[in-house]
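These notes concern the structure reproduced below.
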Amino acid sequence: MSAELVVDARAELGEGPVWDDRRERLLWVDILAGHVHTTDPATGADEVLEVGSEVGTIALRAGEGLVLALRDGFALLEPDGELRTVAEVEADKPGNRFNDGACDRAGRLWAGTMAFDETPGAGALYRLDPDLSVTKILDEVTISNGIGWSPDDRSMYYVDSPMMGIDVFDYDLAAGTPTNRRRLANTPPELGVPDGLTMDAEGCLWVAFYGGGCVHRYTPDGRLDRELPVPASNVTKPAFGGATHSELFVTTAAKGLSDDQRAAEPSAGGLFRLRPGVAGRPADRFAA
Ligand code: BGC
Ligand code: CA
């Protein structure tokens, strides 16, 4: 089964795919360009919105519009196009930006930061609640990346890329607190670093490998179950979408590739689609 190129976007750092099941569109970002893409996978049509700063995470809202984790904090994009900052985060740290994130089933947005130069321990993981208050959950994160929850909401999975593995916490959905961090699976060094992740309806994790040109499926007990190749080495994050949530969209990046590598990987930075034979579930939305 081969990956199909949906948008030849040549994004520097494609990231953050999320399926909008109301509009049947795939939303995703180019973090460094500050672009939010809206793709119709049926036609390949792709619209770009410039948000004026790096954008690490986007998430759907219960109503219309989006919530975004921008360079210096969280913002809401209103249906009329107004973009307003609702909480400054690390605005005093110009060397940092937001990176990956996702909503939990209670409608909170989780997103983490990193230093542009990947300084070890310079980032953190934050939780934005529907009342727009922000709580720092983890400190000393290097490249805050994939996050997801088990179908019963009792486990939270998390990737800090240079730590070379997937961690799991016990999760209290009512309180929004993860505890008891431990290693779920180590990832193979020859595949670069683990990046974004998404969950399927069976509770398995799909993890992108930045530098590894693939996504891997892990069972909830940490066993490697399947490996799917992607024709770009820097794979950043998967997301299920399509009418039955059975298409797996994957973002990729050209960042860090040499001129020779760019020539050898002309579709780096593109949006790809796989058909893995399992389905995801609708993306959780920010409850404000
Ligand atoms: C970050 C990149 C980083 C990559 C691998 C991505 O989520 O945005 O800057 O190179 O992860 O760690
Ligand atoms: Ca990521």
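Ligands are numbered from 1 in the order shown, chains are lettered A, B, ... in the order of the structure tokens, and residues start at 1 in each chain.
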
Quiz prompt | DSSP helix (DSSP H, G or I) residues within stretch 179-263 of chain A, listed as a PyMOL selection string | solution = chain A and resi 189-191+259-263

Please produce a file of those selected residues containing N, CA and C atoms, as a PDB file, in the first residue's frame.
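File produced: result-v9.pdb:
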```pdb
ATOM      1  N   PRO A 189      16.632   4.143  16.943  1.00  0.00           N
ATOM      2  CA  PRO A 189      17.438   5.312  16.558  1.00  0.00           C
ATOM      3  C   PRO A 189      17.609   5.454  15.050  1.00  0.00           C
ATOM      4  N   GLU A 190      17.570   4.342  14.318  1.00  0.00           N
ATOM      5  CA  GLU A 190      17.763   4.441  12.864  1.00  0.00           C
ATOM      6  C   GLU A 190      16.572   5.099  12.173  1.00  0.00           C
ATOM      7  N   LEU A 191      15.475   5.319  12.901  1.00  0.00           N
ATOM      8  CA  LEU A 191      14.306   5.986  12.314  1.00  0.00           C
ATOM      9  C   LEU A 191      14.221   7.459  12.695  1.00  0.00           C
ATOM     10  N   ASP A 259      20.421  20.395  -0.057  1.00  0.00           N
ATOM     11  CA  ASP A 259      19.958  20.576  -1.435  1.00  0.00           C
ATOM     12  C   ASP A 259      19.866  19.231  -2.148  1.00  0.00           C
ATOM     13  N   ASP A 260      20.832  18.351  -1.909  1.00  0.00           N
ATOM     14  CA  ASP A 260      20.810  17.027  -2.538  1.00  0.00           C
ATOM     15  C   ASP A 260      19.612  16.211  -2.060  1.00  0.00           C
ATOM     16  N   GLN A 261      19.341  16.289  -0.752  1.00  0.00           N
ATOM     17  CA  GLN A 261      18.189  15.547  -0.224  1.00  0.00           C
ATOM     18  C   GLN A 261      16.881  16.108  -0.776  1.00  0.00           C
ATOM     19  N   ARG A 262      16.809  17.432  -0.895  1.00  0.00           N
ATOM     20  CA  ARG A 262      15.590  18.029  -1.458  1.00  0.00           C
ATOM     21  C   ARG A 262      15.379  17.562  -2.905  1.00  0.00           C
ATOM     22  N   ALA A 263      16.477  17.439  -3.637  1.00  0.00           N
ATOM     23  CA  ALA A 263      16.366  16.968  -5.024  1.00  0.00           C
ATOM     24  C   ALA A 263      15.915  15.508  -5.056  1.00  0.00           C
TER      25      ALA A 263
END
```

Practice problem: Can you check which residues of stretch 221-276 of chain A DSSP gives as strand (DSSP E or B) on the backbone and send them as a ChimeraX atom specification? | Solution: /A:224-229,234-241,247-253,271-274

Practice problem: Residues up to 9 Å from ligand 1, counting only C-alpha atoms and all ligand atoms: could you list those as a PyMOL selection string? | Solution: chain A and resi 13-16+31-32+56+98-100+114-118+142-146+160-162+192-196+209-211+234-237+253+255-256

With N, CA and C atoms retained, could you export that selection as an mmCIF file, in the first residue's frame?
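Done, and the output landed in out28.cif:
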```
data_model
loop_
_atom_site.group_PDB
_atom_site.id
_atom_site.type_symbol
_atom_site.label_atom_id
_atom_site.label_comp_id
_atom_site.auth_asym_id
_atom_site.auth_seq_id
_atom_site.Cartn_x
_atom_site.Cartn_y
_atom_site.Cartn_z
ATOM 1 N N LEU A 13 7.782 23.138 7.217
ATOM 2 C CA LEU A 13 7.509 22.303 8.392
ATOM 3 C C LEU A 13 5.996 22.045 8.479
ATOM 4 N N GLY A 14 5.524 21.160 7.573
ATOM 5 C CA GLY A 14 4.125 20.731 7.624
ATOM 6 C C GLY A 14 3.891 20.005 8.934
ATOM 7 N N GLU A 15 2.733 20.226 9.533
ATOM 8 C CA GLU A 15 2.467 19.690 10.874
ATOM 9 C C GLU A 15 0.975 19.729 11.177
ATOM 10 N N GLY A 16 0.612 19.170 12.324
ATOM 11 C CA GLY A 16 -0.669 19.418 12.969
ATOM 12 C C GLY A 16 -1.926 19.106 12.189
ATOM 13 N N ILE A 31 4.355 25.250 10.316
ATOM 14 C CA ILE A 31 4.663 25.977 11.553
ATOM 15 C C ILE A 31 5.510 27.211 11.267
ATOM 16 N N LEU A 32 6.603 27.039 10.534
ATOM 17 C CA LEU A 32 7.572 28.131 10.380
ATOM 18 C C LEU A 32 7.053 29.230 9.469
ATOM 19 N N GLY A 56 2.019 26.372 15.927
ATOM 20 C CA GLY A 56 2.408 25.004 16.253
ATOM 21 C C GLY A 56 1.255 24.026 16.213
ATOM 22 N N PHE A 98 5.568 27.557 20.093
ATOM 23 C CA PHE A 98 4.722 26.384 20.308
ATOM 24 C C PHE A 98 4.994 25.346 19.226
ATOM 25 N N ASN A 99 4.764 24.095 19.609
ATOM 26 C CA ASN A 99 4.868 22.982 18.679
ATOM 27 C C ASN A 99 3.557 22.201 18.754
ATOM 28 N N ASP A 100 3.627 20.895 18.776
ATOM 29 C CA ASP A 100 2.468 20.017 18.628
ATOM 30 C C ASP A 100 1.454 20.126 19.782
ATOM 31 N N MET A 114 8.989 24.538 22.445
ATOM 32 C CA MET A 114 10.380 24.114 22.225
ATOM 33 C C MET A 114 11.179 25.344 21.828
ATOM 34 N N ALA A 115 12.496 25.250 21.985
ATOM 35 C CA ALA A 115 13.365 26.319 21.492
ATOM 36 C C ALA A 115 13.573 26.122 20.001
ATOM 37 N N PHE A 116 13.629 27.232 19.256
ATOM 38 C CA PHE A 116 13.922 27.134 17.812
ATOM 39 C C PHE A 116 15.206 26.334 17.587
ATOM 40 N N ASP A 117 16.189 26.529 18.485
ATOM 41 C CA ASP A 117 17.470 25.818 18.301
ATOM 42 C C ASP A 117 17.506 24.492 19.063
ATOM 43 N N GLU A 118 16.347 24.072 19.568
ATOM 44 C CA GLU A 118 16.194 22.765 20.227
ATOM 45 C C GLU A 118 17.037 22.634 21.498
ATOM 46 N N THR A 142 12.082 19.193 25.775
ATOM 47 C CA THR A 142 12.974 19.676 24.714
ATOM 48 C C THR A 142 12.203 19.939 23.409
ATOM 49 N N ILE A 143 11.575 18.916 22.838
ATOM 50 C CA ILE A 143 10.733 19.115 21.644
ATOM 51 C C ILE A 143 9.386 18.486 21.952
ATOM 52 N N SER A 144 8.481 19.305 22.488
ATOM 53 C CA SER A 144 7.162 18.798 22.877
ATOM 54 C C SER A 144 6.428 18.361 21.619
ATOM 55 N N ASN A 145 5.997 17.098 21.593
ATOM 56 C CA ASN A 145 5.441 16.587 20.359
ATOM 57 C C ASN A 145 4.167 15.785 20.604
ATOM 58 N N GLY A 146 4.049 14.596 19.992
ATOM 59 C CA GLY A 146 2.781 13.867 19.973
ATOM 60 C C GLY A 146 2.116 13.723 21.335
ATOM 61 N N ASP A 160 8.350 13.462 23.829
ATOM 62 C CA ASP A 160 9.338 14.548 23.791
ATOM 63 C C ASP A 160 10.432 13.986 22.881
ATOM 64 N N SER A 161 10.466 14.454 21.633
ATOM 65 C CA SER A 161 11.191 13.736 20.566
ATOM 66 C C SER A 161 12.589 13.221 20.916
ATOM 67 N N PRO A 162 13.481 14.075 21.458
ATOM 68 C CA PRO A 162 14.848 13.572 21.672
ATOM 69 C C PRO A 162 14.937 12.494 22.756
ATOM 70 N N GLY A 192 15.329 8.040 13.119
ATOM 71 C CA GLY A 192 15.269 9.443 13.505
ATOM 72 C C GLY A 192 14.587 9.563 14.851
ATOM 73 N N VAL A 193 13.666 10.536 14.968
ATOM 74 C CA VAL A 193 13.013 10.737 16.272
ATOM 75 C C VAL A 193 11.497 10.593 16.131
ATOM 76 N N PRO A 194 10.838 10.121 17.203
ATOM 77 C CA PRO A 194 9.380 10.073 17.182
ATOM 78 C C PRO A 194 8.828 11.498 17.209
ATOM 79 N N ASP A 195 7.765 11.721 16.434
ATOM 80 C CA ASP A 195 7.212 13.079 16.313
ATOM 81 C C ASP A 195 5.740 13.055 16.730
ATOM 82 N N GLY A 196 4.830 13.489 15.864
ATOM 83 C CA GLY A 196 3.413 13.540 16.228
ATOM 84 C C GLY A 196 2.786 12.165 16.285
ATOM 85 N N PHE A 209 7.655 9.335 12.278
ATOM 86 C CA PHE A 209 9.097 9.365 12.527
ATOM 87 C C PHE A 209 9.770 10.420 11.676
ATOM 88 N N TYR A 210 10.289 11.442 12.357
ATOM 89 C CA TYR A 210 10.995 12.542 11.703
ATOM 90 C C TYR A 210 12.417 12.075 11.409
ATOM 91 N N GLY A 211 12.705 11.931 10.115
ATOM 92 C CA GLY A 211 14.002 11.369 9.730
ATOM 93 C C GLY A 211 13.903 9.894 9.373
ATOM 94 N N ASN A 234 11.120 13.256 6.518
ATOM 95 C CA ASN A 234 10.698 13.947 7.742
ATOM 96 C C ASN A 234 9.172 13.903 7.875
ATOM 97 N N VAL A 235 8.675 12.862 8.513
ATOM 98 C CA VAL A 235 7.236 12.692 8.705
ATOM 99 C C VAL A 235 6.899 13.284 10.064
ATOM 100 N N THR A 236 5.896 14.174 10.093
ATOM 101 C CA THR A 236 5.682 14.940 11.325
ATOM 102 C C THR A 236 4.459 14.524 12.126
ATOM 103 N N LYS A 237 3.331 14.238 11.462
ATOM 104 C CA LYS A 237 2.148 13.873 12.260
ATOM 105 C C LYS A 237 1.062 13.254 11.395
ATOM 106 N N ALA A 253 7.915 17.409 6.303
ATOM 107 C CA ALA A 253 8.698 18.648 6.350
ATOM 108 C C ALA A 253 9.912 18.564 5.443
ATOM 109 N N LYS A 255 12.284 20.891 6.166
ATOM 110 C CA LYS A 255 13.255 21.502 7.090
ATOM 111 C C LYS A 255 14.453 20.579 7.329
ATOM 112 N N GLY A 256 15.634 21.141 7.253
ATOM 113 C CA GLY A 256 16.823 20.365 7.600
ATOM 114 C C GLY A 256 17.379 19.520 6.472
#
```

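Considering the residues A:Met163, A:Leu224, A:Ala69, A:Ile147 and counting only C-alpha atoms and all ligand atoms, ligand 2 has its shortest atom-to-atom contact with A:Ile147.
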
Sorted by chain and rising residue number, list the residues of stretch 6-70 of chain A at most 9 Å from stretch 78-94 of chain A (counting only C-alpha atoms), each with its closest atom pair and distance in Å to one decimal, as a Markdown table.
```
| residue | atom | partner | partner_atom | distance |
| --- | --- | --- | --- | --- |
| A:Val51 | CA | A:Leu83 | CA | 8.0 |
| A:Gly63 | CA | A:Pro79 | CA | 8.9 |
| A:Glu64 | CA | A:Pro79 | CA | 5.7 |
| A:Gly65 | CA | A:Pro79 | CA | 4.8 |
| A:Leu66 | CA | A:Glu78 | CA | 6.9 |
| A:Val67 | CA | A:Glu78 | CA | 8.8 |
| A:Leu70 | CA | A:Thr85 | CA | 8.8 |
```

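Once A:Arg275 and its same-chain neighbours fewer than 2 positions away are set aside, Met1, Ala3, Ser246, Glu247, Leu248, Arg273, Gly277 and Val278 of chain A remain within 8 Å of it when counting only C-alpha atoms.
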
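As for atom CA of A:Leu228 and atom CA of A:Arg154, they are spaced 27.5 Å apart.
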
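Using only C-alpha atoms and all ligand atoms, the smallest distance between any of A:Ala201, A:Leu76, A:Val207, A:Val230 and ligand 2 comes from A:Val207.
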
Exercise. To one decimal in Å, tell me the separation between atom CA of A:Val250 and atom CA of A:Ser267.
Key: 12.4 Å
